[in-house]
file target_37.cif (mmCIF, C-alpha atoms)
data_start
#
loop_
_atom_site.label_atom_id
_atom_site.label_comp_id
_atom_site.auth_asym_id
_atom_site.auth_seq_id
_atom_site.Cartn_x
_atom_site.Cartn_y
_atom_site.Cartn_z
CA MET A 1 0.00 0.00 0.00
CA GLY A 2 1.66 3.18 -1.15
CA LEU A 3 1.10 6.87 -0.54
CA LEU A 4 -1.86 7.14 -2.93
CA ALA A 5 -3.63 4.08 -1.62
CA PHE A 6 -3.34 5.43 1.89
CA PHE A 7 -5.66 8.30 1.01
CA ARG A 8 -7.87 6.49 -1.48
CA ARG A 9 -10.29 4.16 0.28
CA THR A 10 -11.79 1.21 -1.56
CA PRO A 11 -15.55 1.03 -1.05
CA ALA A 12 -16.67 -1.44 1.60
CA THR A 13 -18.40 -4.07 -0.52
CA ALA A 14 -18.13 -7.07 1.81
CA SER A 15 -21.61 -6.52 3.25
CA LEU A 16 -23.00 -6.40 -0.28
CA ALA A 17 -21.34 -9.74 -1.07
CA LYS A 18 -22.73 -11.28 2.09
CA GLU A 19 -26.27 -10.10 1.40
CA ARG A 20 -26.24 -11.36 -2.21
CA LEU A 21 -24.85 -14.71 -1.12
CA ARG A 22 -27.41 -15.13 1.65
CA ILE A 23 -30.23 -14.78 -0.87
CA ILE A 24 -28.79 -16.94 -3.66
CA VAL A 25 -27.61 -19.69 -1.29
CA ALA A 26 -31.02 -19.86 0.39
CA GLN A 27 -32.71 -20.06 -3.03
CA GLU A 28 -30.36 -22.74 -4.32
CA ARG A 29 -30.82 -24.80 -1.18
CA THR A 30 -34.60 -24.83 -1.68
CA ASN A 31 -34.14 -26.00 -5.26
CA ARG A 32 -31.60 -28.61 -4.17
CA ASP A 33 -33.91 -30.21 -1.64
CA GLY A 34 -36.87 -30.03 -4.01
CA PRO A 35 -37.55 -32.26 -7.01
CA ASP A 36 -35.43 -31.84 -10.16
CA TYR A 37 -38.33 -30.47 -12.21
CA LEU A 38 -38.63 -27.19 -10.27
CA PRO A 39 -36.11 -25.14 -12.29
CA LEU A 40 -37.64 -26.34 -15.59
CA LEU A 41 -41.17 -25.73 -14.33
CA ARG A 42 -40.17 -22.24 -13.32
CA ARG A 43 -38.68 -21.56 -16.76
CA GLU A 44 -41.71 -22.88 -18.64
CA LEU A 45 -44.10 -20.91 -16.45
CA PHE A 46 -42.06 -17.82 -17.19
CA GLU A 47 -42.38 -18.45 -20.95
CA VAL A 48 -46.17 -18.80 -20.66
CA ILE A 49 -46.69 -15.77 -18.43
CA LYS A 50 -44.46 -13.66 -20.65
CA LYS A 51 -46.90 -14.16 -23.52
CA TYR A 52 -49.51 -12.18 -21.59
CA VAL A 53 -47.64 -9.96 -19.15
CA ASN A 54 -44.20 -8.48 -19.44
CA VAL A 55 -42.55 -9.76 -16.26
CA ASP A 56 -38.98 -10.17 -15.10
CA PRO A 57 -37.67 -13.72 -14.61
CA GLU A 58 -36.89 -12.64 -11.07
CA ALA A 59 -40.56 -11.84 -10.45
CA ILE A 60 -41.52 -15.52 -10.57
CA GLN A 61 -40.98 -17.58 -7.43
CA VAL A 62 -41.73 -21.29 -7.40
CA THR A 63 -41.28 -22.97 -4.05
CA LEU A 64 -42.17 -26.33 -2.66
CA GLU A 65 -43.20 -26.19 0.99
CA LYS A 66 -43.28 -29.36 3.00
CA GLU A 67 -46.26 -29.59 5.30
CA GLU A 68 -47.52 -32.47 7.38
CA GLY A 69 -48.67 -35.25 5.10
CA HIS A 70 -48.45 -33.24 1.88
CA ASP A 71 -46.34 -30.76 -0.09
CA VAL A 72 -47.56 -27.37 -1.27
CA LEU A 73 -46.32 -26.02 -4.58
CA GLU A 74 -46.42 -22.26 -4.26
CA LEU A 75 -46.28 -19.99 -7.28
CA SER A 76 -45.85 -16.29 -6.82
CA VAL A 77 -45.71 -13.79 -9.69
CA ALA A 78 -45.05 -10.13 -8.99
CA LEU A 79 -46.76 -8.17 -11.80
CA PRO A 80 -45.17 -4.94 -12.97
CA GLY A 81 -46.69 -1.73 -11.58
CA LYS A 82 -48.72 0.64 -13.78
CA GLY A 83 -47.07 3.58 -15.54
CA MET B 1 16.73 -31.88 4.91
CA THR B 2 15.65 -34.21 7.65
CA LEU B 3 12.55 -33.60 9.64
CA GLU B 4 11.44 -35.06 12.91
CA THR B 5 8.86 -37.74 12.44
CA GLU B 6 7.84 -37.59 16.08
CA SER B 7 6.04 -34.34 16.63
CA THR B 8 6.04 -32.24 19.76
CA VAL B 9 2.27 -32.16 19.71
CA GLN B 10 0.72 -35.30 21.08
CA PRO B 11 -2.50 -36.44 19.43
CA LEU B 12 -5.49 -37.02 21.65
CA ALA B 13 -5.91 -40.44 23.19
CA GLY B 14 -8.84 -41.31 20.93
CA GLN B 15 -6.73 -40.70 17.85
CA GLU B 16 -3.96 -43.08 18.90
CA GLU B 17 -4.78 -46.15 16.90
CA ASN B 18 -1.38 -47.67 16.28
CA ALA B 19 -1.59 -49.93 19.30
CA VAL B 20 -4.66 -51.83 18.14
CA ARG B 21 -3.89 -52.21 14.47
CA PRO B 22 -3.12 -55.68 13.14
CA ALA B 23 0.44 -56.21 11.93
CA PRO B 24 1.01 -54.16 8.78
CA GLN B 25 1.06 -56.04 5.51
CA SER B 26 3.20 -55.25 2.54
CA VAL B 27 1.71 -52.93 -0.06
CA GLY B 28 2.76 -55.35 -2.78
CA ASN B 29 0.51 -58.17 -1.58
CA PRO B 30 -3.04 -56.95 -1.66
CA THR B 31 -5.25 -58.51 0.97
CA PRO B 32 -8.99 -58.13 1.11
CA SER B 33 -10.04 -55.40 3.51
CA ILE B 34 -10.26 -56.67 7.03
CA THR B 35 -13.52 -56.03 8.82
CA GLY B 36 -12.90 -53.33 11.36
CA ALA B 37 -9.66 -52.21 9.76
CA SER B 38 -11.54 -49.57 7.80
CA LYS B 39 -12.38 -47.84 11.07
CA LEU B 40 -8.70 -47.13 11.61
CA THR B 41 -8.21 -45.30 8.36
CA GLU B 42 -9.81 -41.96 7.79
CA ILE B 43 -10.51 -40.88 4.23
CA ILE B 44 -10.46 -37.10 3.85
CA VAL B 45 -11.43 -35.25 0.68
CA VAL B 46 -10.09 -31.77 0.04
CA THR B 47 -12.60 -30.16 -2.29
CA SER B 48 -14.08 -26.78 -3.31
CA GLY B 49 -15.99 -26.71 -6.57
CA LYS B 50 -14.19 -23.60 -7.75
CA GLY B 51 -10.67 -23.90 -9.14
CA GLY B 52 -7.60 -22.08 -7.94
CA VAL B 53 -8.66 -21.67 -4.33
CA GLY B 54 -5.87 -23.79 -2.84
CA LYS B 55 -7.03 -27.43 -2.80
CA THR B 56 -3.67 -28.89 -3.80
CA THR B 57 -1.71 -26.55 -1.51
CA THR B 58 -4.02 -27.59 1.32
CA SER B 59 -3.88 -31.33 0.53
CA ALA B 60 -0.06 -31.23 0.43
CA SER B 61 0.27 -29.28 3.66
CA LEU B 62 -2.29 -31.27 5.66
CA ALA B 63 -0.74 -34.54 4.48
CA CYS B 64 2.73 -33.33 5.55
CA GLY B 65 1.44 -32.07 8.89
CA LEU B 66 -0.28 -35.37 9.70
CA ALA B 67 2.75 -37.41 8.59
CA GLN B 68 5.08 -35.26 10.72
CA ARG B 69 3.02 -36.36 13.69
CA GLY B 70 3.89 -39.97 12.90
CA LYS B 71 0.69 -40.79 11.01
CA LYS B 72 0.99 -42.95 7.92
CA VAL B 73 -0.49 -40.81 5.14
CA ALA B 74 -1.24 -41.34 1.44
CA VAL B 75 -2.14 -38.24 -0.55
CA ILE B 76 -3.83 -38.95 -3.88
CA ASP B 77 -4.28 -36.63 -6.88
CA PHE B 78 -7.75 -37.16 -8.37
CA ASP B 79 -7.32 -34.59 -11.12
CA ILE B 80 -7.13 -37.06 -13.99
CA GLY B 81 -5.62 -35.41 -17.05
CA LEU B 82 -4.17 -32.47 -15.12
CA ARG B 83 -1.53 -33.78 -12.74
CA ASN B 84 -0.46 -31.15 -10.18
CA LEU B 85 0.06 -32.55 -6.72
CA ASP B 86 3.44 -34.05 -7.69
CA LEU B 87 4.75 -30.55 -8.51
CA ILE B 88 3.53 -29.07 -5.23
CA MET B 89 5.08 -32.02 -3.35
CA GLY B 90 8.30 -31.68 -5.37
CA CYS B 91 8.35 -35.28 -6.63
CA GLU B 92 7.38 -34.70 -10.29
CA ARG B 93 10.52 -36.36 -11.64
CA ARG B 94 9.94 -39.49 -9.60
CA VAL B 95 6.53 -40.33 -11.08
CA VAL B 96 6.74 -43.64 -12.92
CA TYR B 97 3.29 -45.10 -12.40
CA ASP B 98 0.06 -43.30 -11.53
CA PHE B 99 -3.38 -43.83 -10.00
CA VAL B 100 -4.94 -45.13 -13.24
CA ASN B 101 -2.03 -47.55 -13.79
CA VAL B 102 -2.80 -49.09 -10.38
CA ILE B 103 -6.51 -49.32 -11.13
CA ASN B 104 -5.83 -50.95 -14.51
CA GLY B 105 -3.38 -53.40 -12.97
CA ASP B 106 -0.41 -52.12 -15.02
CA CYS B 107 1.60 -52.02 -11.79
CA THR B 108 1.19 -52.72 -8.09
CA LEU B 109 0.15 -50.03 -5.63
CA LYS B 110 3.57 -50.30 -4.03
CA GLN B 111 5.25 -49.46 -7.34
CA ALA B 112 3.06 -46.39 -7.86
CA LEU B 113 3.26 -44.92 -4.35
CA ILE B 114 6.03 -42.31 -4.20
CA LYS B 115 7.68 -42.20 -0.81
CA ASP B 116 8.34 -38.65 0.34
CA LYS B 117 12.03 -37.86 0.82
CA ARG B 118 11.43 -35.53 3.76
CA ILE B 119 8.91 -37.37 5.89
CA GLU B 120 9.19 -41.09 6.54
CA THR B 121 5.47 -41.93 6.68
CA LEU B 122 4.23 -39.88 3.72
CA TYR B 123 3.33 -41.33 0.29
CA ILE B 124 2.08 -39.66 -2.88
CA LEU B 125 -0.03 -41.22 -5.63
CA ALA B 126 0.12 -39.11 -8.80
CA ALA B 127 -2.79 -38.46 -11.16
CA SER B 128 -2.82 -40.01 -14.59
CA GLN B 129 -2.40 -37.72 -17.56
CA THR B 130 -4.72 -39.80 -19.71
CA ARG B 131 -7.53 -38.03 -21.52
CA ASP B 132 -9.85 -41.00 -21.01
CA LYS B 133 -12.52 -39.76 -18.64
CA ASP B 134 -13.64 -43.29 -17.77
CA ALA B 135 -10.18 -44.36 -16.59
CA LEU B 136 -11.25 -43.67 -13.02
CA HIS B 137 -14.22 -45.58 -11.62
CA ALA B 138 -15.69 -46.16 -8.17
CA GLU B 139 -14.85 -49.86 -8.07
CA GLY B 140 -11.19 -49.18 -8.91
CA VAL B 141 -10.92 -46.40 -6.36
CA ARG B 142 -12.43 -48.68 -3.70
CA ARG B 143 -9.84 -51.39 -4.48
CA VAL B 144 -6.96 -48.94 -4.05
CA PHE B 145 -8.45 -47.61 -0.80
CA ASP B 146 -8.94 -51.15 0.55
CA GLU B 147 -5.32 -51.95 -0.18
CA LEU B 148 -4.15 -48.78 1.60
CA ILE B 149 -6.41 -49.62 4.54
CA ALA B 150 -5.05 -53.18 4.72
CA ASP B 151 -1.55 -51.74 4.63
CA GLY B 152 -2.20 -49.75 7.78
CA PHE B 153 -2.49 -46.20 6.48
CA ASP B 154 -3.95 -43.79 9.05
CA TYR B 155 -5.09 -41.20 6.52
CA ILE B 156 -5.97 -41.12 2.85
CA ILE B 157 -6.10 -37.53 1.61
CA CYS B 158 -7.97 -37.11 -1.67
CA ASP B 159 -7.04 -33.97 -3.59
CA SER B 160 -10.16 -33.29 -5.64
CA PRO B 161 -10.17 -31.62 -9.05
CA ALA B 162 -12.21 -28.44 -9.51
CA GLY B 163 -15.75 -28.71 -10.79
CA ILE B 164 -18.45 -31.26 -10.00
CA GLU B 165 -17.64 -33.79 -12.72
CA LYS B 166 -16.54 -37.39 -12.33
CA GLY B 167 -13.11 -36.79 -10.77
CA ALA B 168 -14.57 -34.52 -8.10
CA HIS B 169 -17.40 -36.97 -7.49
CA LEU B 170 -15.06 -39.94 -7.04
CA ALA B 171 -12.70 -37.94 -4.80
CA MET B 172 -15.55 -37.32 -2.34
CA TYR B 173 -17.47 -40.56 -2.83
CA TYR B 174 -15.84 -42.68 -0.10
CA ALA B 175 -14.91 -39.80 2.21
CA ASP B 176 -15.41 -39.89 5.96
CA ARG B 177 -14.56 -36.24 6.25
CA ALA B 178 -14.49 -33.29 3.86
CA ILE B 179 -12.45 -30.14 3.94
CA VAL B 180 -14.10 -27.53 1.74
CA VAL B 181 -11.51 -24.96 0.71
CA VAL B 182 -13.09 -21.55 0.23
CA ASN B 183 -11.92 -18.02 -0.58
CA PRO B 184 -13.90 -15.20 1.06
CA GLU B 185 -15.29 -14.25 -2.33
CA VAL B 186 -18.78 -14.65 -3.84
CA SER B 187 -18.24 -17.32 -6.51
CA SER B 188 -16.11 -19.50 -4.26
CA VAL B 189 -18.65 -19.36 -1.42
CA ARG B 190 -21.53 -20.20 -3.75
CA ASP B 191 -19.61 -23.14 -5.28
CA SER B 192 -18.76 -24.38 -1.79
CA ASP B 193 -22.44 -24.49 -0.95
CA ARG B 194 -23.02 -26.57 -4.07
CA ILE B 195 -20.28 -28.98 -2.94
CA LEU B 196 -21.83 -29.22 0.53
CA GLY B 197 -25.07 -30.24 -1.18
CA LEU B 198 -23.26 -33.01 -3.08
CA LEU B 199 -21.50 -34.23 0.07
CA ALA B 200 -24.88 -34.65 1.69
CA SER B 201 -26.39 -36.59 -1.21
CA LYS B 202 -23.81 -38.09 -3.61
CA THR B 203 -21.42 -39.93 -1.29
CA ALA B 204 -21.33 -43.58 -0.23
CA ARG B 205 -22.26 -42.52 3.30
CA ALA B 206 -25.30 -40.60 2.04
CA GLU B 207 -26.40 -43.41 -0.28
CA LYS B 208 -26.12 -46.08 2.42
CA GLY B 209 -27.79 -43.87 5.01
CA GLU B 210 -24.73 -43.99 7.27
CA SER B 211 -23.67 -41.09 9.49
CA LYS B 212 -22.99 -38.09 7.28
CA VAL B 213 -19.59 -36.99 6.02
CA LYS B 214 -17.99 -34.61 8.56
CA GLU B 215 -17.72 -31.21 6.90
CA HIS B 216 -15.29 -28.38 7.61
CA LEU B 217 -14.47 -25.11 5.93
CA LEU B 218 -10.91 -24.00 5.38
CA LEU B 219 -10.59 -20.36 4.32
CA THR B 220 -7.60 -19.46 2.19
CA ARG B 221 -6.15 -16.16 0.91
CA TYR B 222 -7.61 -14.40 3.92
CA SER B 223 -6.61 -10.77 4.22
CA PRO B 224 -7.32 -9.37 7.72
CA ARG B 225 -6.57 -5.86 6.47
CA ARG B 226 -9.20 -6.05 3.73
CA VAL B 227 -11.69 -7.58 6.16
CA ALA B 228 -11.05 -4.71 8.58
CA ASN B 229 -11.67 -2.23 5.74
CA GLY B 230 -14.95 -3.94 4.85
CA GLU B 231 -13.62 -5.01 1.45
CA MET B 232 -13.63 -8.74 2.16
CA MET B 233 -16.11 -11.03 3.91
CA SER B 234 -14.95 -12.16 7.35
CA VAL B 235 -14.58 -15.73 8.65
CA ASP B 236 -17.83 -15.25 10.53
CA ASP B 237 -19.65 -14.04 7.41
CA VAL B 238 -18.62 -17.13 5.42
CA LYS B 239 -19.37 -19.44 8.34
CA GLU B 240 -22.82 -17.88 8.76
CA ILE B 241 -23.71 -18.18 5.05
CA LEU B 242 -22.59 -21.81 4.73
CA GLY B 243 -23.44 -23.00 8.24
CA VAL B 244 -20.36 -25.21 8.58
CA ASP B 245 -17.58 -25.01 11.18
CA VAL B 246 -14.18 -23.61 10.28
CA ILE B 247 -11.11 -25.85 10.64
CA GLY B 248 -8.58 -23.28 9.49
CA VAL B 249 -7.99 -19.78 8.19
CA ILE B 250 -4.93 -19.37 5.98
CA PRO B 251 -3.72 -15.81 5.50
CA GLU B 252 -2.97 -14.46 2.03
CA SER B 253 0.79 -14.69 1.56
CA GLN B 254 3.63 -14.64 -0.93
CA ASP B 255 4.94 -17.77 0.82
CA VAL B 256 2.40 -19.99 -0.97
CA LEU B 257 3.82 -19.13 -4.41
CA SER B 258 7.41 -19.46 -3.16
CA ALA B 259 6.61 -22.90 -1.76
CA SER B 260 5.02 -24.13 -4.98
CA ASN B 261 7.94 -22.70 -7.00
CA ALA B 262 10.31 -24.76 -4.87
CA GLY B 263 8.16 -27.91 -4.65
CA THR B 264 8.15 -27.77 -0.87
CA PRO B 265 4.73 -27.90 0.79
CA VAL B 266 4.25 -24.51 2.46
CA ILE B 267 3.66 -26.08 5.89
CA LEU B 268 7.38 -26.98 5.95
CA ASN B 269 8.38 -23.29 5.89
CA ALA B 270 8.15 -23.04 9.67
CA GLU B 271 8.60 -19.25 9.83
CA SER B 272 5.64 -18.55 7.59
CA ASP B 273 2.24 -17.53 9.02
CA VAL B 274 0.73 -19.82 6.40
CA ALA B 275 2.64 -22.82 7.78
CA GLN B 276 1.54 -22.01 11.32
CA ALA B 277 -2.06 -21.65 10.21
CA TYR B 278 -1.89 -25.07 8.49
CA GLU B 279 -0.25 -26.59 11.60
CA ASP B 280 -3.22 -25.32 13.62
CA ALA B 281 -5.62 -26.91 11.12
CA VAL B 282 -3.77 -30.26 11.42
CA ARG B 283 -4.09 -30.12 15.21
CA ARG B 284 -7.81 -29.41 14.91
CA LEU B 285 -8.13 -32.38 12.52
CA LEU B 286 -6.58 -34.52 15.25
CA GLY B 287 -9.21 -33.31 17.68
CA GLU B 288 -7.36 -30.59 19.55
CA GLU B 289 -8.99 -27.30 20.46
CA VAL B 290 -6.87 -24.56 18.92
CA PRO B 291 -8.06 -20.94 18.69
CA LEU B 292 -8.00 -19.33 15.23
CA ARG B 293 -4.98 -17.11 14.56
CA PHE B 294 -3.98 -14.50 11.98
CA LEU B 295 -7.43 -12.92 11.92
CA GLN B 296 -6.08 -9.50 12.86
CA GLU B 297 -3.97 -7.23 10.72
CA PRO B 298 -0.37 -7.23 11.93
CA LYS B 299 0.54 -3.88 13.49
CA ARG B 300 2.43 -1.76 10.97
CA GLY B 301 4.34 1.42 11.60
CA PHE B 302 3.45 4.79 10.10
CA PHE B 303 6.24 4.59 7.50
CA ALA B 304 5.30 1.08 6.44
CA ARG B 305 1.75 2.23 5.83
CA MET B 306 2.82 5.36 3.95
CA PHE B 307 5.43 3.82 1.73
CA GLY B 308 4.20 0.25 1.34
CA GLY B 309 5.80 -2.94 2.48
#

call {"tool": "encode", "arguments": {"input": "target_37.cif", "output": "structure tokens"}}
result
Amino acid sequence: MGLLAFFRRTPATASLAKERLRIIVAQERTNRDGPDYLPLLRRELFEVIKKYVNVDPEAIQVTLEKEEGHDVLELSVALPGKG
Amino acid sequence: MTLETESTVQPLAGQEENAVRPAPQSVGNPTPSITGASKLTEIIVVTSGKGGVGKTTTSASLACGLAQRGKKVAVIDFDIGLRNLDLIMGCERRVVYDFVNVINGDCTLKQALIKDKRIETLYILAASQTRDKDALHAEGVRRVFDELIADGFDYIICDSPAGIEKGAHLAMYYADRAIVVVNPEVSSVRDSDRILGLLASKTARAEKGESKVKEHLLLTRYSPRRVANGEMMSVDDVKEILGVDVIGVIPESQDVLSASNAGTPVILNAESDVAQAYEDAVRRLLGEEVPLRFLQEPKRGFFARMFGG
């Protein structure tokens, strides 16, 4: 670290890295424990919905919740706001 | 250079297995695995998913550290097609036969095992440079492991290739314990999580429903200064995201490159912080409680900070 670096601070991005990882790791763990068809199902649903509404891939959440005796497949689509 | 084979650090009582082992057999005469003998040998995979994070450096140093404590250790390169461990161990010119040769029966295990010149109880099995992806198979790997077990090895260290393909799968398949090498950086952490998922589902232990593979994280290229500045995730951040205990934190250091240049595992450079951090990890592997070190930035004077160093 030289004279210049001493005065020039690099932005603190570690917390950003941690936050992004927390989200993606949690998401990938859900997919991992779920059946193999979830990612494909999510992609095909996206293709269908896109025909009617212009949504982001990120706006579609497909999760499989385990409840007593049965599983619940939950589909959540955040539609874009007006304007 | 001669090194002491008896270490100053005594392993815990539970780890002292030499007394109960049946008389060692020669490597050249394979015997079927003896029931119970497998309990005396621990198979450890050093893995990561991402490449270039320090798997081979870690495998070499942990193997040396264990062997210096009198343990009989075999360290095996699973990176078929891209042999590397021999260079890090400094025995590249002594490779005659490799892992695939043993599996194919081209030679005996004894002929292929390279005895380390520095540490009496350390052996290296080099990777094949074949391009045939099917050269390595689970049944062949099992046979080699059984022979090492029958020969009284205490540890089999499997240096995994990067990725999640066949070589990486076979390196972890029979593991009792896994050391996941991770850099405090987004892609490495994410890949490590993927590997943890595979350890929990694609190993012999998982398939047979036995007790799960023991998992540990080993952080490499750790820079306490950058952590203090908020530029790098801390040990605690990585531990929290992955939810696995930490067996070692290796500081970022020039010594790693110097060691690989020279073909001397970095743990043998006793003055280096890196060597001391690996020594600590070896002691933790043997069951000792050792606090983490090198997590704080070393104190530097005003001039050092102003003019670099």

call {"tool": "residues_around", "arguments": {"input": "target_37.cif", "residues": "B:Leu113", "least_positions_apart": "2", "cutoff": "7 Å", "atoms": "only C-alpha atoms", "output": "JSON, numbers by chain"}}
result
{"B": [109, 110, 111, 115, 123, 124, 125]}

call {"tool": "atom_distance", "arguments": {"input": "target_37.cif", "atom1": "atom CA of B:Thr57", "atom2": "atom CA of B:Phe78"}}
result
14.0 Å

call {"tool": "resolve_selection", "arguments": {"input": "target_37.cif", "expression": "the PyMOL selection byres ((chain B) within 12 of (chain A))", "output": "MDAnalysis selection string"}}
result
chainID B and resid 184:198 200:201 225:243 300 302:309

call {"tool": "resolve_selection", "arguments": {"input": "target_37.cif", "expression": "the PyMOL selection byres ((chain B and resi 251-262) around 7)", "output": "count of residues only"}}
result
14

call {"tool": "residues_near_point", "arguments": {"input": "target_37.cif", "point": "(-25.1, -43.2, 5.6)", "cutoff": "12 Å", "atoms": "all atoms listed in the file", "output": "JSON, numbers by chain"}}
result
{"B": [173, 174, 175, 176, 199, 200, 201, 202, 203, 204, 205, 206, 207, 208, 209, 210, 211, 212, 213, 214]}

call {"tool": "resolve_selection", "arguments": {"input": "target_37.cif", "expression": "the PyMOL selection byres ((chain A and resi 65-73) around 12)", "output": "list of chain:residue names"}}
result
A:Thr30, A:Asn31, A:Asp33, A:Gly34, A:Pro35, A:Tyr37, A:Leu38, A:Leu41, A:Arg42, A:Gln61, A:Val62, A:Thr63, A:Leu64, A:Glu74, A:Leu75, A:Ser76

call {"tool": "atom_distance", "arguments": {"input": "target_37.cif", "atom1": "atom CA of B:Gly51", "atom2": "atom CA of B:Asn84"}}
result
12.6 Å

call {"tool": "atom_distance", "arguments": {"input": "target_37.cif", "atom1": "atom CA of B:Tyr155", "atom2": "atom CA of B:Gly65"}}
result
11.5 Å

call {"tool": "closest_residue", "arguments": {"input": "target_37.cif", "among": "B:Leu122, B:Val45, B:Ala281, B:Val95", "to": "B:Arg293", "atoms": "all atoms listed in the file"}}
result
B:Ala281

call {"tool": "residues_around", "arguments": {"input": "target_37.cif", "residues": "stretch 43-56 of chain A", "least_positions_apart": "6", "cutoff": "9 Å", "atoms": "all atoms listed in the file", "output": "PDB file with C-alpha atoms, keeping the file's coordinate frame"}}
result
ATOM      1  CA  VAL A  77     -45.710 -13.790  -9.690  1.00  0.00           C
ATOM      2  CA  ALA A  78     -45.050 -10.130  -8.990  1.00  0.00           C
ATOM      3  CA  LEU A  79     -46.760  -8.170 -11.800  1.00  0.00           C
ATOM      4  CA  PRO A  80     -45.170  -4.940 -12.970  1.00  0.00           C
TER       5      PRO A  80
END

call {"tool": "closest_residue", "arguments": {"input": "target_37.cif", "among": "B:Glu147, B:Asp280, B:Asp132, B:Asp79", "to": "B:Thr41", "atoms": "all atoms listed in the file"}}
result
B:Glu147

call {"tool": "decode", "arguments": {"input": "target_37.cif", "residues": "stretch 23-35 of chain A", "atoms": "N, CA, C and O atoms", "output": "PDB file, in the first residue's frame"}}
result
ATOM      1  N   ILE A  23     -29.018 -14.577  -0.073  1.00  0.00           N
ATOM      2  CA  ILE A  23     -30.228 -14.782  -0.868  1.00  0.00           C
ATOM      3  C   ILE A  23     -30.063 -15.943  -1.849  1.00  0.00           C
ATOM      4  O   ILE A  23     -30.873 -16.864  -1.886  1.00  0.00           O
ATOM      5  N   ILE A  24     -28.951 -15.915  -2.615  1.00  0.00           N
ATOM      6  CA  ILE A  24     -28.787 -16.938  -3.658  1.00  0.00           C
ATOM      7  C   ILE A  24     -28.574 -18.329  -3.044  1.00  0.00           C
ATOM      8  O   ILE A  24     -29.100 -19.328  -3.542  1.00  0.00           O
ATOM      9  N   VAL A  25     -27.850 -18.394  -1.936  1.00  0.00           N
ATOM     10  CA  VAL A  25     -27.605 -19.692  -1.295  1.00  0.00           C
ATOM     11  C   VAL A  25     -28.923 -20.263  -0.751  1.00  0.00           C
ATOM     12  O   VAL A  25     -29.225 -21.443  -0.942  1.00  0.00           O
ATOM     13  N   ALA A  26     -29.721 -19.399  -0.131  1.00  0.00           N
ATOM     14  CA  ALA A  26     -31.022 -19.856   0.387  1.00  0.00           C
ATOM     15  C   ALA A  26     -31.886 -20.378  -0.757  1.00  0.00           C
ATOM     16  O   ALA A  26     -32.495 -21.441  -0.655  1.00  0.00           O
ATOM     17  N   GLN A  27     -31.893 -19.651  -1.875  1.00  0.00           N
ATOM     18  CA  GLN A  27     -32.708 -20.055  -3.026  1.00  0.00           C
ATOM     19  C   GLN A  27     -32.223 -21.383  -3.601  1.00  0.00           C
ATOM     20  O   GLN A  27     -33.020 -22.279  -3.894  1.00  0.00           O
ATOM     21  N   GLU A  28     -30.900 -21.508  -3.740  1.00  0.00           N
ATOM     22  CA  GLU A  28     -30.362 -22.740  -4.323  1.00  0.00           C
ATOM     23  C   GLU A  28     -30.563 -23.945  -3.411  1.00  0.00           C
ATOM     24  O   GLU A  28     -30.695 -25.062  -3.876  1.00  0.00           O
ATOM     25  N   ARG A  29     -30.575 -23.684  -2.113  1.00  0.00           N
ATOM     26  CA  ARG A  29     -30.822 -24.800  -1.178  1.00  0.00           C
ATOM     27  C   ARG A  29     -32.257 -25.305  -1.286  1.00  0.00           C
ATOM     28  O   ARG A  29     -32.494 -26.497  -1.185  1.00  0.00           O
ATOM     29  N   THR A  30     -33.197 -24.395  -1.518  1.00  0.00           N
ATOM     30  CA  THR A  30     -34.595 -24.825  -1.680  1.00  0.00           C
ATOM     31  C   THR A  30     -34.721 -25.691  -2.925  1.00  0.00           C
ATOM     32  O   THR A  30     -35.364 -26.730  -2.918  1.00  0.00           O
ATOM     33  N   ASN A  31     -34.084 -25.230  -4.015  1.00  0.00           N
ATOM     34  CA  ASN A  31     -34.141 -26.000  -5.257  1.00  0.00           C
ATOM     35  C   ASN A  31     -33.487 -27.364  -5.102  1.00  0.00           C
ATOM     36  O   ASN A  31     -33.945 -28.347  -5.649  1.00  0.00           O
ATOM     37  N   ARG A  32     -32.365 -27.386  -4.351  1.00  0.00           N
ATOM     38  CA  ARG A  32     -31.595 -28.612  -4.170  1.00  0.00           C
ATOM     39  C   ARG A  32     -32.422 -29.680  -3.449  1.00  0.00           C
ATOM     40  O   ARG A  32     -32.408 -30.841  -3.830  1.00  0.00           O
ATOM     41  N   ASP A  33     -33.138 -29.244  -2.417  1.00  0.00           N
ATOM     42  CA  ASP A  33     -33.913 -30.207  -1.640  1.00  0.00           C
ATOM     43  C   ASP A  33     -35.195 -30.609  -2.361  1.00  0.00           C
ATOM     44  O   ASP A  33     -35.776 -31.636  -2.085  1.00  0.00           O
ATOM     45  N   GLY A  34     -35.628 -29.750  -3.302  1.00  0.00           N
ATOM     46  CA  GLY A  34     -36.870 -30.034  -4.014  1.00  0.00           C
ATOM     47  C   GLY A  34     -36.636 -30.985  -5.171  1.00  0.00           C
ATOM     48  O   GLY A  34     -35.510 -31.386  -5.440  1.00  0.00           O
ATOM     49  N   PRO A  35     -37.707 -31.359  -5.869  1.00  0.00           N
ATOM     50  CA  PRO A  35     -37.550 -32.260  -7.014  1.00  0.00           C
ATOM     51  C   PRO A  35     -36.822 -31.567  -8.164  1.00  0.00           C
ATOM     52  O   PRO A  35     -36.806 -30.345  -8.245  1.00  0.00           O
TER      53      PRO A  35
END
